[in-house]
Amino acid sequence: MSAIVSAVDARRSRVRLFIVTMLFLVTTVNYADRATLSIAGHALSKELHLDPIAMGYVFSAFGWSYVIAQVPGGWLLDRFGSRWVYAFSITIWSLFTMLQGWIGFLSGGAAVLALFALRFLVGLAEAPSFPANARIVAAWFPGNERGTASAFFNSGQYFATVIFAPLMGWIAHDFGWRYVFYVMGLLGLVMAIVWIKTIYGPKEHPGVNDAEFDYIKEGGALVDLDAPKDAVRNAVKDTRAPDSGRGWNHISQLLSNRMMLGVYIGQYCINTLTYFFLTWFPVYLVKERGLSILQAGFVATLPALCGFIGGVLGGIISDAILRKTNSLTLARKIPIVGGMLLSMSIIGCNYVDGQALVVGFMALAFFGKGIGALGWAVVSDTSPKEAGGVSGGLFNTFGNLSSITTPIVIGYILAATGSFNGALVFVGANALVAAVAYLVIVGKIERVQLKTS
């Protein structure tokens, strides 16, 4: 009997699976809120009389502040921990999302300025989200599970479209575009409450048993990453404590690291596909392919579903390669490079007329993008413990420069040519550059060691 009890006691809990599920759900809401404008954009642009260039700048408003706030957001995470910073972030971005529904009561330039300002504030509030995701994965998951965990939460960006594009399309069609913002903002506020009630660090979570804690710690999880601040203060003399190494010195070291520069370039190019999908893709379906906004919402689900499947599969493949070869470099590079080359199939949409073939090429492209979207796993693998938030923030800064450039460049292409053909070539070319960056620049993938002097 005692042997049976011991065996039961030794059984590991699975709290980390719940944690990554929460990250997935929050990321899904995060990306759904980013996509609200793309779904409402066609009707909104007609009502506010916005041309493609003006619409491109409005789409980019989110990106300006999101990029600016990445490193400060990472500093906040290192200073105050992921749980409360993330909760505050969800609450604020949800409120600003709701307020976007009120711009319809303004007119002319005032409406455009208000819309730009609110999208700017949404980006500011969302800035800590993905660095926090990477920190939480680093704290909760051993190295041999980190690729799958990172790919799973990152796949929420595709699942957001699968679930919410049809919903938002139906809301915009039947109730008007304003209600898209009201509904999604309210959902975010509910998610903030659920988050603060359920998320804790490995040392504080009431559901973690010793077997799971020892397993993740021995596997390389940074279980002290979000330790209570009183513990940090008591350890203030420990030069390895998170408080000891913040500053521009860490940023300059990360920027001078060739591996990280290759990762940054790759993420910028990978995110070009993401922001085409989050901004201009529904407009492409309506204007270039003649669908209604309701139809566009449903059609967008297939490429998104393929992206979601590819995202989960990419993490599984990566961790399987890691277990088989014990090479972190091969495990991350093979799916990323292969996925990006597959994403170039988006250019094929320029050479077909049937809607089914267009959706098929889009689905194939986003399946490849999902497989290759392992950048946050690389961040968890490479970030130094003393600057995890800053490292994630810097990575997301470079990656999300594309949230500024992509909608603006495509807006100018549309204004100049009246067609999306050049826009799709631009997106496909970025996928190729991402593959080349990982093949040529990145080199060996390993954790960055910062100099303390």
# chains A, B, ... in the order shown; residues from 1 in each chain; ligands from 1
call {"tool": "residues_around", "arguments": {"residues": "segment 403-408 of chain A", "least_positions_apart": "5", "cutoff": "6 Å", "atoms": "only C-alpha atoms", "output": "PyMOL selection string"}}
result
chain A and resi 56-57+60+63+272+275
call {"tool": "residues_around", "arguments": {"residues": "segment 346-356 of chain A", "least_positions_apart": "2", "cutoff": "8 Å", "atoms": "only C-alpha atoms", "output": "list in words"}}
result
Arg289, Ser343, Met344, Val358, Val359, Gly360, Phe361, Met362, Leu364, Ala365, Asn421, Leu424, Val425, Val427 and Gly428 of chain A
call {"tool": "closest_residue", "arguments": {"among": "A:Ile92, A:Ala139, A:Ala132, A:Ile336", "to": "Phe213 of chain A", "atoms": "only C-alpha atoms"}}
result
A:Ala139
call {"tool": "residues_around", "arguments": {"residues": "Gly188 of chain A", "least_positions_apart": "3", "cutoff": "7 Å", "atoms": "only C-alpha atoms", "output": "list in words"}}
result
Val29, Ile90, Thr91, Ser94, Met184, Gly185, Met191 and Ala192 of chain A
call {"tool": "residues_around", "arguments": {"residues": "segment 296-300 of chain A", "least_positions_apart": "6", "cutoff": "6 Å", "atoms": "only C-alpha atoms", "output": "list in words"}}
result
Ala165, Pro166, Gly169, Pro282 and Leu285 of chain A
call {"tool": "closest_residue", "arguments": {"among": "A:Gly418, A:Gly156, A:Gly207, A:Gly266", "to": "Leu305 of chain A", "atoms": "only C-alpha atoms"}}
result
A:Gly156
call {"tool": "select_by_dssp", "arguments": {"residues": "segment 108-327 of chain A", "states": "alpha helix (DSSP H)", "output": "ChimeraX atom specification"}}
result
/A:108-126,129-140,143-154,156-175,178-198,210-218,229-234,248-255,258-275,281-283,293-299,301-325
call {"tool": "atom_distance", "arguments": {"atom1": "atom CA of Thr301 of chain A", "atom2": "atom CA of Thr161 of chain A"}}
result
5.9 Å
call {"tool": "atom_distance", "arguments": {"atom1": "atom CA of Val379 of chain A", "atom2": "atom CA of Gly262 of chain A"}}
result
12.2 Å
call {"tool": "residues_around", "arguments": {"residues": "Ala40 of chain A", "least_positions_apart": "5", "cutoff": "12 Å", "atoms": "only C-alpha atoms", "output": "PyMOL selection string"}}
result
chain A and resi 33-35+45-48+55+59+100-101+104+165+167-173+175-182+278-280+282-283+286+292-294+296-297
call {"tool": "closest_residue", "arguments": {"among": "A:Asn257, A:Thr397, A:Thr36, A:Ser318", "to": "Arg447 of chain A", "atoms": "only C-alpha atoms"}}
result
A:Asn257
call {"tool": "atom_distance", "arguments": {"atom1": "atom CA of Ile309 of chain A", "atom2": "atom CA of Phe152 of chain A"}}
result
9.5 Å
call {"tool": "closest_residue", "arguments": {"among": "A:Leu432, A:Leu95, A:Leu328, A:Leu37", "to": "Asp381 of chain A", "atoms": "only C-alpha atoms"}}
result
A:Leu328
